[in-house]
Amino acid sequence: MSGLTAAASARLERVVDAARRGASTPPRRTRTTVVFGRVLGVLVIVCFLTGLYSHILQNPIGWVPLFPRPVWLYQVTQGTHVLAGLVMIPVLLAKLWAVYPRLFAWPPVTGPVSLLERASIAVLVGASLVEVAIGVMNIAQWYAFDFSFRRVHFVLAWVIVGAVLLHIAVKLPTIIGFWHARPADPEATDRPPAPTWPEQPAPDPDQRPSETEVVSRRGAMIAVAASAGAIFLGTAGQTIAPLAPLAVLSPRRPGIGPQGLPVNRTATEAGADRAALDPTWSLRIAGATSTIALSHRELQALPQTTADLPIACVEGWSQTATWTGVPLRDLLDLAGGSTGAGVRITSLQVRGAFSRTAMPQVYVDDPLTLVALKLGGEDLDIDHGFPARIIAPGRPGVMQTKWLSTIEAPR
Ligand SMILES: Nc1nc2c(c(=O)[nH]1)N[C@H]1C(S)=C(S)[C@@H](COP(=O)(O)O)O[C@H]1N2
Ligand SMILES: [Mo]
């Protein structure tokens, strides 16, 4: 038994030793780590802010104002969110590769600060990997897990940002020390000793990296930049129209689908097809003072508005199309106007999420919020929401309810 333990600990020592030696290979030099760290930091901030924006649009907070215009705002923020998250993958892996020997540093913890430091790194690494992995699964429409993607993605985002802040706080003395040691002070030859686990050690002018080290470090950077670039080009076309032909890595591409527009969930999948094709269908609208029901023909007889508006899916694809329909506020006016408290919208759909949405008042008031009947001048395809769907400016695709059944202003 004790022989086994001894063998195991000898083996562990060898692993730790090898890992430590790995730490001194040129591309893993601290500067590389710092560069990857900064790029990662920027991508994390971009993803966090754009993600927060998307979250607020879907879960409005009373005092936070919402902006329907510019109509392409969400298209840009969410496209950026998904692209930054995808490009992050090679950078995250490179950062892991660059710091991995430190994970074997011995002793693992030297005091309360180092404990905090190591804990923040462990949390950061773990949470980031899970965050990116479930994000990729989601945009690939592989909904394999039972938990709510949005809730977990949101909570992990805060965990990651907290760990980053903790990480920076712990490193602050090193960072400040580095800045103080830096000024061109010719007397400052006796620099403070480089900390044993520095993120940004004072550069030692006597130890310039050799030619080969520079090349391999550059090689590491080029490899990461190339894979990040390939991921960008292979997916950006899902939201940046001119790049569409290159979007070989993206699950949905602009222009592919009925009426030249992608579909997230078909009428059959949603169990909405029978009710949607029922000739006795009518849209029930409850306004401030009365409730009316309008048939497809009656809706078509009202004054129509045509506008170019994007469908901008939370999963990162977006496409602008020409929609024609009746402004929602005109319809509410036929039922006594709105109540100022937004509207509740229900779909004919019987299966799956998104059959109900709440629409805040700013969108109800916007003249471009339409009960759309046509797409590109033709009646809506059933998979785009025939007989009528909502299309509002600046809102996530998931709230652009298809196969409308009722619209009610809470009284
Ligand atoms: N009733 C209903 N409306 C819905 C959905 C749905 O599943 N059910 N999917 C939403 C999502 S996630 C998106 S991105 C858009 C896609 O619109 P499209 O299929 O017309 O392109 O519709 C939205 N409207
Ligand atoms: Mo979506």
# chains A, B, ... in the order shown; residues from 1 in each chain; ligands from 1
call {"tool": "residues_around", "arguments": {"residues": "Trp158 of chain A", "least_positions_apart": "5", "cutoff": "10 Å", "atoms": "only C-alpha atoms", "output": "list in words"}}
result
Phe48, Leu52, Ala127, His153, Ala163 and Val164 of chain A
call {"tool": "residues_near_ligand", "arguments": {"ligand": "ligand 2", "cutoff": "10 Å", "atoms": "only C-alpha atoms and all ligand atoms", "output": "ChimeraX atom specification"}}
result
/A:139,263-265,311-318,354,396-400
call {"tool": "closest_residue", "arguments": {"among": "A:Pro360, A:Pro310, A:Gly37, A:Gly237", "to": "ligand 1", "atoms": "only C-alpha atoms and all ligand atoms"}}
result
A:Pro310
call {"tool": "closest_residue", "arguments": {"among": "A:Thr110, A:Gln58, A:Ser128, A:Ser227", "to": "Leu92 of chain A", "atoms": "only C-alpha atoms"}}
result
A:Ser128
call {"tool": "select_by_dssp", "arguments": {"residues": "segment 40-277 of chain A", "states": "alpha helix (DSSP H)", "output": "MDAnalysis selection string"}}
result
chainID A and resid 40:58 73:99 112:139 149:181 211:235 267:270 273:277
call {"tool": "write_last_selection", "arguments": {"atoms": "C-alpha atoms", "output": "short mmCIF file (atom, residue, chain, number, x, y, z; two decimals), in the first residue's frame"}}
result
data_model
loop_
_atom_site.label_atom_id
_atom_site.label_comp_id
_atom_site.auth_asym_id
_atom_site.auth_seq_id
_atom_site.Cartn_x
_atom_site.Cartn_y
_atom_site.Cartn_z
CA LEU A 40 -8.97 37.56 -23.95
CA GLY A 41 -9.79 40.38 -21.53
CA VAL A 42 -11.09 42.57 -24.37
CA LEU A 43 -13.17 39.70 -25.82
CA VAL A 44 -14.61 38.89 -22.38
CA ILE A 45 -15.64 42.51 -21.86
CA VAL A 46 -17.22 42.70 -25.33
CA CYS A 47 -19.13 39.45 -24.77
CA PHE A 48 -20.21 40.53 -21.30
CA LEU A 49 -21.58 43.91 -22.33
CA THR A 50 -23.33 42.67 -25.47
CA GLY A 51 -24.68 39.72 -23.52
CA LEU A 52 -25.99 42.00 -20.80
CA TYR A 53 -27.73 44.10 -23.45
CA SER A 54 -29.38 41.02 -24.93
CA HIS A 55 -30.44 39.89 -21.48
CA ILE A 56 -32.02 43.24 -20.65
CA LEU A 57 -33.95 43.23 -23.93
CA GLN A 58 -35.37 39.84 -23.01
CA LEU A 73 -28.70 47.88 -33.09
CA TYR A 74 -29.45 44.38 -31.77
CA GLN A 75 -28.28 42.83 -35.01
CA VAL A 76 -24.89 44.44 -34.40
CA THR A 77 -24.62 43.77 -30.66
CA GLN A 78 -25.70 40.15 -30.88
CA GLY A 79 -23.69 39.45 -34.04
CA THR A 80 -20.68 40.86 -32.19
CA HIS A 81 -21.47 38.78 -29.09
CA VAL A 82 -21.50 35.50 -30.98
CA LEU A 83 -18.51 36.34 -33.20
CA ALA A 84 -16.38 37.51 -30.26
CA GLY A 85 -17.31 34.34 -28.37
CA LEU A 86 -16.32 32.14 -31.30
CA VAL A 87 -13.06 33.97 -31.96
CA MET A 88 -12.31 33.61 -28.25
CA ILE A 89 -11.97 29.83 -28.55
CA PRO A 90 -8.43 29.67 -30.00
CA VAL A 91 -7.28 32.54 -27.77
CA LEU A 92 -8.68 30.80 -24.68
CA LEU A 93 -6.98 27.54 -25.64
CA ALA A 94 -3.71 29.39 -26.32
CA LYS A 95 -3.88 31.14 -22.98
CA LEU A 96 -4.49 27.81 -21.28
CA TRP A 97 -1.54 26.30 -23.12
CA ALA A 98 0.63 29.26 -22.14
CA VAL A 99 -0.20 29.11 -18.44
CA PRO A 112 -3.99 33.60 1.49
CA VAL A 113 -3.21 35.80 -1.52
CA SER A 114 -1.90 32.93 -3.56
CA LEU A 115 -4.94 30.91 -2.52
CA LEU A 116 -7.22 33.65 -3.85
CA GLU A 117 -5.13 33.87 -6.98
CA ARG A 118 -5.24 30.17 -7.69
CA ALA A 119 -8.93 29.95 -6.85
CA SER A 120 -9.72 32.84 -9.20
CA ILE A 121 -7.75 31.18 -12.00
CA ALA A 122 -9.41 27.81 -11.45
CA VAL A 123 -12.86 29.43 -11.51
CA LEU A 124 -11.93 31.58 -14.51
CA VAL A 125 -10.64 28.67 -16.56
CA GLY A 126 -13.49 26.33 -15.67
CA ALA A 127 -16.28 28.86 -16.10
CA SER A 128 -14.86 30.20 -19.39
CA LEU A 129 -14.60 26.74 -20.91
CA VAL A 130 -18.16 25.84 -19.93
CA GLU A 131 -19.46 29.25 -21.04
CA VAL A 132 -17.94 28.98 -24.51
CA ALA A 133 -18.88 25.31 -24.88
CA ILE A 134 -22.58 25.80 -24.10
CA GLY A 135 -22.61 28.92 -26.28
CA VAL A 136 -21.30 26.92 -29.24
CA MET A 137 -23.76 24.10 -28.56
CA ASN A 138 -26.58 26.62 -28.51
CA ILE A 139 -25.73 28.28 -31.81
CA PHE A 149 -29.19 27.86 -21.36
CA ARG A 150 -29.92 31.51 -20.82
CA ARG A 151 -29.86 31.35 -17.04
CA VAL A 152 -26.65 29.33 -16.86
CA HIS A 153 -24.93 31.44 -19.53
CA PHE A 154 -25.92 34.59 -17.62
CA VAL A 155 -24.81 33.35 -14.19
CA LEU A 156 -21.48 32.07 -15.54
CA ALA A 157 -20.87 35.45 -17.19
CA TRP A 158 -21.01 37.13 -13.77
CA VAL A 159 -18.79 34.42 -12.29
CA ILE A 160 -16.23 35.02 -15.03
CA VAL A 161 -16.27 38.79 -14.63
CA GLY A 162 -15.98 38.39 -10.84
CA ALA A 163 -13.01 36.06 -11.25
CA VAL A 164 -11.34 38.47 -13.69
CA LEU A 165 -11.74 41.35 -11.22
CA LEU A 166 -10.38 39.20 -8.38
CA HIS A 167 -7.50 38.11 -10.58
CA ILE A 168 -6.64 41.72 -11.41
CA ALA A 169 -7.01 42.79 -7.76
CA VAL A 170 -4.60 40.06 -6.63
CA LYS A 171 -2.16 41.03 -9.38
CA LEU A 172 -2.45 44.74 -8.67
CA PRO A 173 0.73 44.99 -6.56
CA THR A 174 2.70 43.25 -9.31
CA ILE A 175 1.16 45.43 -12.00
CA ILE A 176 1.79 48.64 -10.06
CA GLY A 177 5.30 47.49 -9.18
CA PHE A 178 5.92 46.85 -12.85
CA TRP A 179 4.78 50.34 -13.80
CA HIS A 180 6.92 51.93 -11.10
CA ALA A 181 9.99 49.99 -12.12
CA GLU A 211 16.37 34.60 -32.37
CA THR A 212 14.70 31.17 -32.21
CA GLU A 213 12.65 32.11 -29.17
CA VAL A 214 11.27 35.16 -30.92
CA VAL A 215 10.37 33.08 -33.93
CA SER A 216 8.54 30.41 -31.97
CA ARG A 217 6.74 32.95 -29.85
CA ARG A 218 5.71 34.71 -33.00
CA GLY A 219 4.74 31.31 -34.39
CA ALA A 220 2.38 30.75 -31.47
CA MET A 221 0.78 34.15 -32.01
CA ILE A 222 0.43 33.57 -35.75
CA ALA A 223 -1.20 30.17 -35.17
CA VAL A 224 -3.75 31.72 -32.81
CA ALA A 225 -4.40 34.72 -35.04
CA ALA A 226 -4.83 32.43 -38.06
CA SER A 227 -7.34 30.16 -36.35
CA ALA A 228 -9.23 33.13 -34.91
CA GLY A 229 -9.29 34.67 -38.40
CA ALA A 230 -10.52 31.43 -39.98
CA ILE A 231 -13.31 31.13 -37.41
CA PHE A 232 -14.28 34.75 -38.02
CA LEU A 233 -14.39 34.37 -41.80
CA GLY A 234 -16.18 31.03 -41.57
CA THR A 235 -19.00 32.39 -39.40
CA ALA A 267 -44.81 25.70 -38.27
CA THR A 268 -44.89 21.90 -38.10
CA GLU A 269 -42.24 21.79 -35.38
CA ALA A 270 -44.22 24.35 -33.39
CA ASP A 273 -49.63 24.60 -39.02
CA ARG A 274 -53.25 23.50 -38.66
CA ALA A 275 -54.45 26.63 -36.83
CA ALA A 276 -52.37 28.88 -39.11
CA LEU A 277 -54.09 27.55 -42.25
#
call {"tool": "residues_around", "arguments": {"residues": "Pro387 of chain A", "least_positions_apart": "5", "cutoff": "10 Å", "atoms": "only C-alpha atoms", "output": "list in words"}}
result
Ala275, Ala276, Leu277, Asp278, Pro279, Trp281, Ser282, Leu283, Ser295, His296, Val371, Ala372, Leu373, Lys374, Asp379, Leu380, Asp381, Ile382, Lys402, Trp403, Leu404 and Ser405 of chain A
call {"tool": "closest_residue", "arguments": {"among": "A:Gly394, A:Pro68, A:Pro60, A:Gly352", "to": "ligand 1", "atoms": "only C-alpha atoms and all ligand atoms"}}
result
A:Gly352
call {"tool": "atom_distance", "arguments": {"atom1": "atom 11 (C, counted along the ligand's line) of ligand 1", "atom2": "atom CA of Gln319 of chain A"}}
result
12.2 Å
call {"tool": "decode", "arguments": {"residues": "segment 319-334 of chain A", "atoms": "all heavy atoms", "output": "compact mmCIF listing (two decimals), in the first residue's frame"}}
result
# COMPACT_ATOMS: atom_id res chain seq x y z
N GLN A 319 -30.73 38.67 -40.66
CA GLN A 319 -30.96 39.02 -42.05
C GLN A 319 -32.04 40.08 -42.13
O GLN A 319 -33.07 39.98 -41.46
CB GLN A 319 -31.35 37.80 -42.87
CG GLN A 319 -31.37 38.12 -44.36
CD GLN A 319 -31.69 36.91 -45.22
OE1 GLN A 319 -31.47 35.78 -44.81
NE2 GLN A 319 -32.22 37.16 -46.40
N THR A 320 -31.77 41.08 -42.95
CA THR A 320 -32.75 42.14 -43.15
C THR A 320 -33.66 41.75 -44.30
O THR A 320 -33.20 41.18 -45.29
CB THR A 320 -32.02 43.46 -43.44
OG1 THR A 320 -31.21 43.77 -42.30
CG2 THR A 320 -33.00 44.60 -43.68
N ALA A 321 -34.96 42.02 -44.16
CA ALA A 321 -35.92 41.70 -45.21
C ALA A 321 -36.96 42.81 -45.27
O ALA A 321 -37.04 43.65 -44.37
CB ALA A 321 -36.59 40.36 -44.92
N THR A 322 -37.74 42.80 -46.33
CA THR A 322 -38.76 43.82 -46.52
C THR A 322 -40.10 43.28 -46.03
O THR A 322 -40.62 42.31 -46.58
CB THR A 322 -38.84 44.23 -48.00
OG1 THR A 322 -37.52 44.61 -48.42
CG2 THR A 322 -39.80 45.39 -48.20
N TRP A 323 -40.63 43.89 -44.99
CA TRP A 323 -41.86 43.44 -44.37
C TRP A 323 -42.98 44.43 -44.65
O TRP A 323 -42.73 45.64 -44.67
CB TRP A 323 -41.68 43.32 -42.85
CG TRP A 323 -40.54 42.42 -42.45
CD1 TRP A 323 -39.25 42.80 -42.26
CD2 TRP A 323 -40.60 41.01 -42.22
NE1 TRP A 323 -38.48 41.70 -41.91
CE2 TRP A 323 -39.30 40.58 -41.88
CE3 TRP A 323 -41.62 40.06 -42.27
CZ2 TRP A 323 -38.99 39.26 -41.60
CZ3 TRP A 323 -41.31 38.74 -41.97
CH2 TRP A 323 -40.01 38.35 -41.64
N THR A 324 -44.19 43.92 -44.84
CA THR A 324 -45.35 44.78 -45.04
C THR A 324 -46.45 44.34 -44.08
O THR A 324 -46.70 43.13 -43.95
CB THR A 324 -45.86 44.69 -46.49
OG1 THR A 324 -44.79 45.04 -47.37
CG2 THR A 324 -47.04 45.63 -46.73
N GLY A 325 -47.08 45.32 -43.43
CA GLY A 325 -48.16 44.98 -42.51
C GLY A 325 -48.77 46.22 -41.90
O GLY A 325 -48.49 47.34 -42.33
N VAL A 326 -49.58 46.00 -40.86
CA VAL A 326 -50.28 47.10 -40.20
C VAL A 326 -49.51 47.49 -38.94
O VAL A 326 -49.18 46.61 -38.13
CB VAL A 326 -51.71 46.68 -39.82
CG1 VAL A 326 -52.50 47.88 -39.30
CG2 VAL A 326 -52.42 46.03 -40.99
N PRO A 327 -49.19 48.77 -38.76
CA PRO A 327 -48.52 49.18 -37.52
C PRO A 327 -49.35 48.75 -36.30
O PRO A 327 -50.57 48.96 -36.28
CB PRO A 327 -48.42 50.70 -37.63
CG PRO A 327 -48.44 50.97 -39.10
CD PRO A 327 -49.33 49.91 -39.69
N LEU A 328 -48.68 48.19 -35.33
CA LEU A 328 -49.38 47.68 -34.15
C LEU A 328 -50.21 48.78 -33.47
O LEU A 328 -51.33 48.56 -33.02
CB LEU A 328 -48.37 47.08 -33.16
CG LEU A 328 -48.91 46.62 -31.83
CD1 LEU A 328 -49.99 45.56 -32.00
CD2 LEU A 328 -47.79 46.08 -30.94
N ARG A 329 -49.63 49.99 -33.42
CA ARG A 329 -50.36 51.06 -32.69
C ARG A 329 -51.65 51.45 -33.41
O ARG A 329 -52.62 51.83 -32.77
CB ARG A 329 -49.46 52.26 -32.43
CG ARG A 329 -48.92 52.93 -33.66
CD ARG A 329 -48.10 54.15 -33.28
NE ARG A 329 -47.87 54.96 -34.47
CZ ARG A 329 -47.17 56.07 -34.48
NH1 ARG A 329 -46.62 56.52 -33.37
NH2 ARG A 329 -46.99 56.74 -35.59
N ASP A 330 -51.68 51.33 -34.76
CA ASP A 330 -52.92 51.59 -35.50
C ASP A 330 -53.98 50.57 -35.12
O ASP A 330 -55.17 50.91 -34.99
CB ASP A 330 -52.68 51.54 -37.01
CG ASP A 330 -51.76 52.67 -37.49
OD1 ASP A 330 -51.35 53.49 -36.65
OD2 ASP A 330 -51.43 52.70 -38.69
N LEU A 331 -53.57 49.32 -34.98
CA LEU A 331 -54.52 48.26 -34.62
C LEU A 331 -55.07 48.50 -33.23
O LEU A 331 -56.28 48.37 -32.99
CB LEU A 331 -53.84 46.89 -34.66
CG LEU A 331 -53.53 46.35 -36.06
CD1 LEU A 331 -52.75 45.05 -35.97
CD2 LEU A 331 -54.84 46.13 -36.83
N LEU A 332 -54.19 48.89 -32.30
CA LEU A 332 -54.65 49.16 -30.94
C LEU A 332 -55.61 50.34 -30.92
O LEU A 332 -56.60 50.34 -30.17
CB LEU A 332 -53.46 49.41 -30.00
CG LEU A 332 -52.70 48.14 -29.60
CD1 LEU A 332 -51.37 48.49 -28.94
CD2 LEU A 332 -53.55 47.28 -28.65
N ASP A 333 -55.33 51.33 -31.80
CA ASP A 333 -56.23 52.49 -31.86
C ASP A 333 -57.66 52.08 -32.22
O ASP A 333 -58.62 52.71 -31.78
CB ASP A 333 -55.71 53.50 -32.89
CG ASP A 333 -54.54 54.33 -32.33
OD1 ASP A 333 -54.35 54.29 -31.09
OD2 ASP A 333 -53.83 54.98 -33.12
N LEU A 334 -57.78 51.01 -33.01
CA LEU A 334 -59.12 50.52 -33.37
C LEU A 334 -59.83 49.91 -32.16
O LEU A 334 -61.04 49.68 -32.19
CB LEU A 334 -59.02 49.47 -34.49
CG LEU A 334 -58.43 49.95 -35.82
CD1 LEU A 334 -58.31 48.79 -36.80
CD2 LEU A 334 -59.30 51.06 -36.41
